[in-house]
Amino acid sequence: MSRIRAGLPLLVALAVAACYPALPVPRAAPAPESVGAFVARTLPKGPGGTVIAAHGDRIVHCEGFGMADREARIAASCDTVYDIGSVSKQFTAAAIVKLESMGRLRVSDPIGTHLGPVPADKRGITLHHLLTHTAGLVEGLGDDYDVLSRDAMLAGALASAPLSAPGAEFHYSNVGYSMLAAIVEKASGMGYERFLAKHLFAPAGMTRTGYVLPRWEPRQVAVEYDAGGKPHGRPYERPWAPDGPYWNLRGNGGILSTARDMFRWHRALAGDAVLPASARERLVTPYTPTTEPGESYGYGWNIVDTPAGRVAGHDGGNGWSVANFARTPRDGGVMAFWAGNQTRQEPGWNNLEDLEPGFTRGLLDRARRS
């Protein structure tokens with residue numbers, strides 16, 4: 001009897017439930033796609049390279065893909081060294097604002113303050129104009145690997161016909177960033193790379209970044225390949241001076257680095273180890289519109305404001321290697337860096353350049369949700 005009474009409430013409940021349609025069971029929201037799954041789905045097969053994504057001080061994902069050296073069968077890894085191209089410009093810009101924080105210069109200085117007498121049509125150019133590509137200078141003076149001294153670069157830049165008045169228009173200029181590297185040397189009394197190594201890279205814990213000072217083993221550095229797969233050696237195996245590339249490249253590109261070191265740079269920019277907060281803010285202030293819709297240029301960074309917040313980034317390449325680095329500068333944020341040692345492949349598929357801009361944004365989005 002007691003067992004029958006104990007079951008009555010359940011029977012009544014079942015009978016009542018039978019009179020009403022069943023309520024739909026909510027479906028669980030699908031789990032967000034991981035960085036690894038996104039990379040596996042999106043990354044083309046063929047070229048070699050490395051991808052890293054981080055959220056704050058935590059690496060969310062890091063992996064190498066393909067071969068860093070096909071002939072020696074050396075796989076790419078998170079420690080492979082790549083030419084990061086124009087991503088290097090942010091280091092030159094950081095060196096300038098570091099020198100400003102040290103009292104050695106001001107970004108409002110006319111270039112003549114540091115370079116001596118300059119032609120009349122260049123007297124209005126300031127360091128700020130060089131940093132923001134608004135100096136009206138030409139893009140370059142020759143091939144990246146032409147033998148060109150610092151003095152010859154400066155003479156050629158000062159003799160070039162202006163494209164616009166200082167501050168009037170945006171004209172992307174590699175030679176402008178080489179001039180900034182020369183100003184770093186003149187204001188600091190140190191070689192350009194040595195200044196970066198002492199005042200930026202060492203405080204950030206970056207031991208695998210530079211031109212020649214890290215002294216990499218050859219097997220650590222990616223061999224670069226053209227569209228047909230022909231190897232073109234490692235960057236430093238081309239015409240370089242004993243202390244790094246000649247001055248068509250120095251200061252505006254050609255820095256070698258690794259995924260882990262770029263993560264360390266991201267972390268350094270989230271604190272005061274390298275630059276004070278005011279200097280870091282100047283780097284990512286959108287000073288002038290670029291030629292891309294919705295994009296502005298800071299000091300060595302392209303700036304885009306998105307619904308998820310401000311994104312600062314830069315890409316680089318030399319026709320063989322390609323690199324892209326982006327981060328959200330607020331509150332430590334998220335970062336993504338990827339590099340490859342073959343920009344394009346024939347007959348047109350699996351081209352790393354074709355991934356942009358969606359690939360980097362996709363990495364940032366998935367790192368943000370990790």
# chains A, B, ... in the order shown; residues from 1 in each chain; ligands from 1
>>> select_by_dssp(residues="segment 89-255 of chain A", states="strand (DSSP E or B)", output="PyMOL selection string")
chain A and resi 110+126+210+221+225+231+240-241+244-245
>>> closest_atom_pairs(of="segment 225-291 of chain A", to="segment 75-80 of chain A", cutoff="7 Å", atoms="only C-alpha atoms", output="tab-separated table")
residue	atom	partner	partner_atom	distance
A:Thr258	CA	A:Asp79	CA	5.6
A:Ala259	CA	A:Cys78	CA	5.7
A:Arg260	CA	A:Cys78	CA	6.5
>>> write_last_selection(atoms="N, CA and C atoms", output="PDB file, in the first residue's frame")
ATOM      1  N   THR A 258      61.092  35.688 -34.472  1.00  0.00           N
ATOM      2  CA  THR A 258      60.341  34.441 -34.307  1.00  0.00           C
ATOM      3  C   THR A 258      58.957  34.736 -33.749  1.00  0.00           C
ATOM      4  N   ALA A 259      58.087  33.751 -33.836  1.00  0.00           N
ATOM      5  CA  ALA A 259      56.743  33.901 -33.289  1.00  0.00           C
ATOM      6  C   ALA A 259      56.784  34.152 -31.782  1.00  0.00           C
ATOM      7  N   ARG A 260      57.615  33.423 -31.070  1.00  0.00           N
ATOM      8  CA  ARG A 260      57.663  33.604 -29.609  1.00  0.00           C
ATOM      9  C   ARG A 260      58.193  34.986 -29.235  1.00  0.00           C
TER      10      ARG A 260
END
>>> residues_around(residues="Ile84 of chain A", least_positions_apart="3", cutoff="12 Å", atoms="only C-alpha atoms", output="number ranges by chain")
A: 49-50, 80-81, 87-91, 209-211, 221-222, 224, 235, 249, 252-259, 261-262, 314-325, 337-341
>>> closest_residue(among="A:Val39, A:Ala277, A:Ile125, A:Cys62", to="Leu137 of chain A", atoms="only C-alpha atoms")
A:Ile125
>>> closest_residue(among="A:Arg219, A:Arg280, A:Arg104, A:His266", to="Gly333 of chain A", atoms="only C-alpha atoms")
A:His266
>>> residues_around(residues="Gly124 of chain A", least_positions_apart="4", cutoff="10 Å", atoms="only C-alpha atoms", output="list of chain:residue names")
A:Asp109, A:Pro110, A:Ile111, A:Gly112, A:Val118, A:Pro119, A:Ala120, A:His129, A:Ala135, A:Ala165, A:Pro166, A:Gly167
>>> residues_around(residues="Ala152 of chain A", least_positions_apart="2", cutoff="12 Å", atoms="only C-alpha atoms", output="compact mmCIF listing (two decimals) with N, CA and C atoms, in the first residue's frame")
# COMPACT_ATOMS: atom_id res chain seq x y z
N LEU A 141 64.67 54.33 -52.85
CA LEU A 141 65.75 54.81 -53.70
C LEU A 141 66.38 53.71 -54.54
N GLY A 142 65.87 52.50 -54.44
CA GLY A 142 66.44 51.39 -55.20
C GLY A 142 66.02 50.07 -54.60
N ASP A 146 70.55 46.66 -52.81
CA ASP A 146 71.59 47.50 -53.39
C ASP A 146 72.55 47.95 -52.30
N VAL A 147 73.82 48.01 -52.64
CA VAL A 147 74.81 48.50 -51.67
C VAL A 147 74.66 50.02 -51.56
N LEU A 148 74.27 50.49 -50.38
CA LEU A 148 73.99 51.90 -50.16
C LEU A 148 74.36 52.25 -48.73
N SER A 149 75.23 53.23 -48.56
CA SER A 149 75.64 53.65 -47.22
C SER A 149 74.60 54.57 -46.60
N ARG A 150 74.77 54.82 -45.30
CA ARG A 150 73.85 55.73 -44.63
C ARG A 150 73.93 57.13 -45.23
N LEU A 154 70.91 59.21 -47.14
CA LEU A 154 70.45 60.53 -46.71
C LEU A 154 70.57 61.54 -47.85
N ALA A 155 71.68 61.50 -48.57
CA ALA A 155 71.86 62.43 -49.69
C ALA A 155 70.80 62.21 -50.76
N GLY A 156 70.51 60.94 -51.07
CA GLY A 156 69.50 60.65 -52.08
C GLY A 156 68.10 61.06 -51.63
N ALA A 157 67.78 60.84 -50.37
CA ALA A 157 66.46 61.22 -49.86
C ALA A 157 66.29 62.73 -49.87
N LEU A 158 67.32 63.46 -49.47
CA LEU A 158 67.22 64.92 -49.41
C LEU A 158 67.20 65.55 -50.80
N ALA A 159 67.78 64.85 -51.78
CA ALA A 159 67.79 65.37 -53.15
C ALA A 159 66.54 64.98 -53.94
N VAL A 175 61.99 55.00 -47.45
CA VAL A 175 63.16 55.84 -47.23
C VAL A 175 62.96 56.74 -46.01
N SER A 178 64.07 54.74 -43.12
CA SER A 178 65.53 54.64 -43.08
C SER A 178 66.13 55.93 -42.53
N MET A 179 65.55 57.07 -42.88
CA MET A 179 66.01 58.34 -42.31
C MET A 179 65.81 58.34 -40.79
N ALA A 182 68.59 56.48 -39.22
CA ALA A 182 69.79 57.32 -39.16
C ALA A 182 69.69 58.31 -38.01
N TYR A 246 72.00 46.93 -46.01
CA TYR A 246 72.34 48.28 -46.43
C TYR A 246 71.12 49.19 -46.26
N TRP A 247 71.30 50.47 -46.59
CA TRP A 247 70.36 51.49 -46.11
C TRP A 247 69.13 51.70 -46.98
N ASN A 248 68.94 50.92 -48.03
CA ASN A 248 67.61 50.89 -48.66
C ASN A 248 66.64 50.07 -47.84
>>> closest_residue(among="A:Pro162, A:Pro214, A:Gly362, A:Gly140", to="Arg123 of chain A", atoms="only C-alpha atoms")
A:Pro162
>>> closest_residue(among="A:Ala326, A:Leu213, A:Leu99, A:Val138", to="Ser188 of chain A", atoms="only C-alpha atoms")
A:Leu99
>>> select_by_dssp(residues="segment 90-276 of chain A", states="alpha helix (DSSP H)", output="PyMOL selection string")
chain A and resi 90-101+112-115+127-131+150-159+174-188+192-196+202-204+259-268
>>> residues_around(residues="Gly36 of chain A", least_positions_apart="4", cutoff="9 Å", atoms="only C-alpha atoms", output="ChimeraX atom specification")
/A:40-41,60-63
>>> closest_atom_pairs(of="segment 312-333 of chain A", to="segment 284-299 of chain A", cutoff="12 Å", atoms="only C-alpha atoms", output="JSON lines")
{"residue": "A:Ala312", "atom": "CA", "partner": "A:Val284", "partner_atom": "CA", "distance": 6.5}
{"residue": "A:Gly313", "atom": "CA", "partner": "A:Val284", "partner_atom": "CA", "distance": 9.3}
{"residue": "A:His314", "atom": "CA", "partner": "A:Tyr297", "partner_atom": "CA", "distance": 9.9}
{"residue": "A:Ala326", "atom": "CA", "partner": "A:Val284", "partner_atom": "CA", "distance": 11.5}
{"residue": "A:Arg327", "atom": "CA", "partner": "A:Val284", "partner_atom": "CA", "distance": 10.5}
{"residue": "A:Thr328", "atom": "CA", "partner": "A:Val284", "partner_atom": "CA", "distance": 9.8}
{"residue": "A:Pro329", "atom": "CA", "partner": "A:Val284", "partner_atom": "CA", "distance": 7.7}
{"residue": "A:Arg330", "atom": "CA", "partner": "A:Val284", "partner_atom": "CA", "distance": 10.2}
>>> closest_residue(among="A:Glu100, A:Asp121, A:Glu71, A:Asp331", to="Val184 of chain A", atoms="only C-alpha atoms")
A:Glu100
>>> closest_residue(among="A:Pro239, A:Gly358, A:Gly332, A:Gly205", to="Ala54 of chain A", atoms="only C-alpha atoms")
A:Gly332
>>> atom_distance(atom1="atom CA of Val311 of chain A", atom2="atom CA of Phe359 of chain A")
13.9 Å
>>> residues_around(residues="Pro203 of chain A", least_positions_apart="3", cutoff="8 Å", atoms="only C-alpha atoms", output="VMD selection string")
chain A and resid 198 to 200 206 268 273 to 274
>>> write_last_selection(atoms="N, CA and C atoms", output="CSV table (one decimal), in the first residue's frame")
chain,number,residue,atom,x,y,z
A,198,LYS,N,69.5,47.0,-27.0
A,198,LYS,CA,69.7,47.4,-25.6
A,198,LYS,C,68.4,47.9,-25.0
A,199,HIS,N,67.7,48.8,-25.8
A,199,HIS,CA,66.6,49.6,-25.2
A,199,HIS,C,65.2,49.0,-25.5
A,200,LEU,N,65.1,48.1,-26.5
A,200,LEU,CA,63.8,47.5,-26.8
A,200,LEU,C,63.8,46.0,-26.5
A,206,MET,N,63.4,39.6,-25.7
A,206,MET,CA,63.5,39.2,-27.0
A,206,MET,C,64.9,38.9,-27.4
A,268,ALA,N,55.4,43.1,-23.9
A,268,ALA,CA,56.1,44.3,-23.5
A,268,ALA,C,55.3,45.6,-23.7
A,273,ALA,N,57.9,48.0,-19.2
A,273,ALA,CA,59.2,47.5,-19.3
A,273,ALA,C,60.1,48.2,-20.4
A,274,VAL,N,59.4,48.5,-21.5
A,274,VAL,CA,60.1,49.1,-22.6
A,274,VAL,C,59.8,50.6,-22.8
>>> atom_distance(atom1="atom CA of Arg361 of chain A", atom2="atom CA of Ala37 of chain A")
14.8 Å
>>> atom_distance(atom1="atom CA of Leu355 of chain A", atom2="atom CA of Ala53 of chain A")
16.0 Å
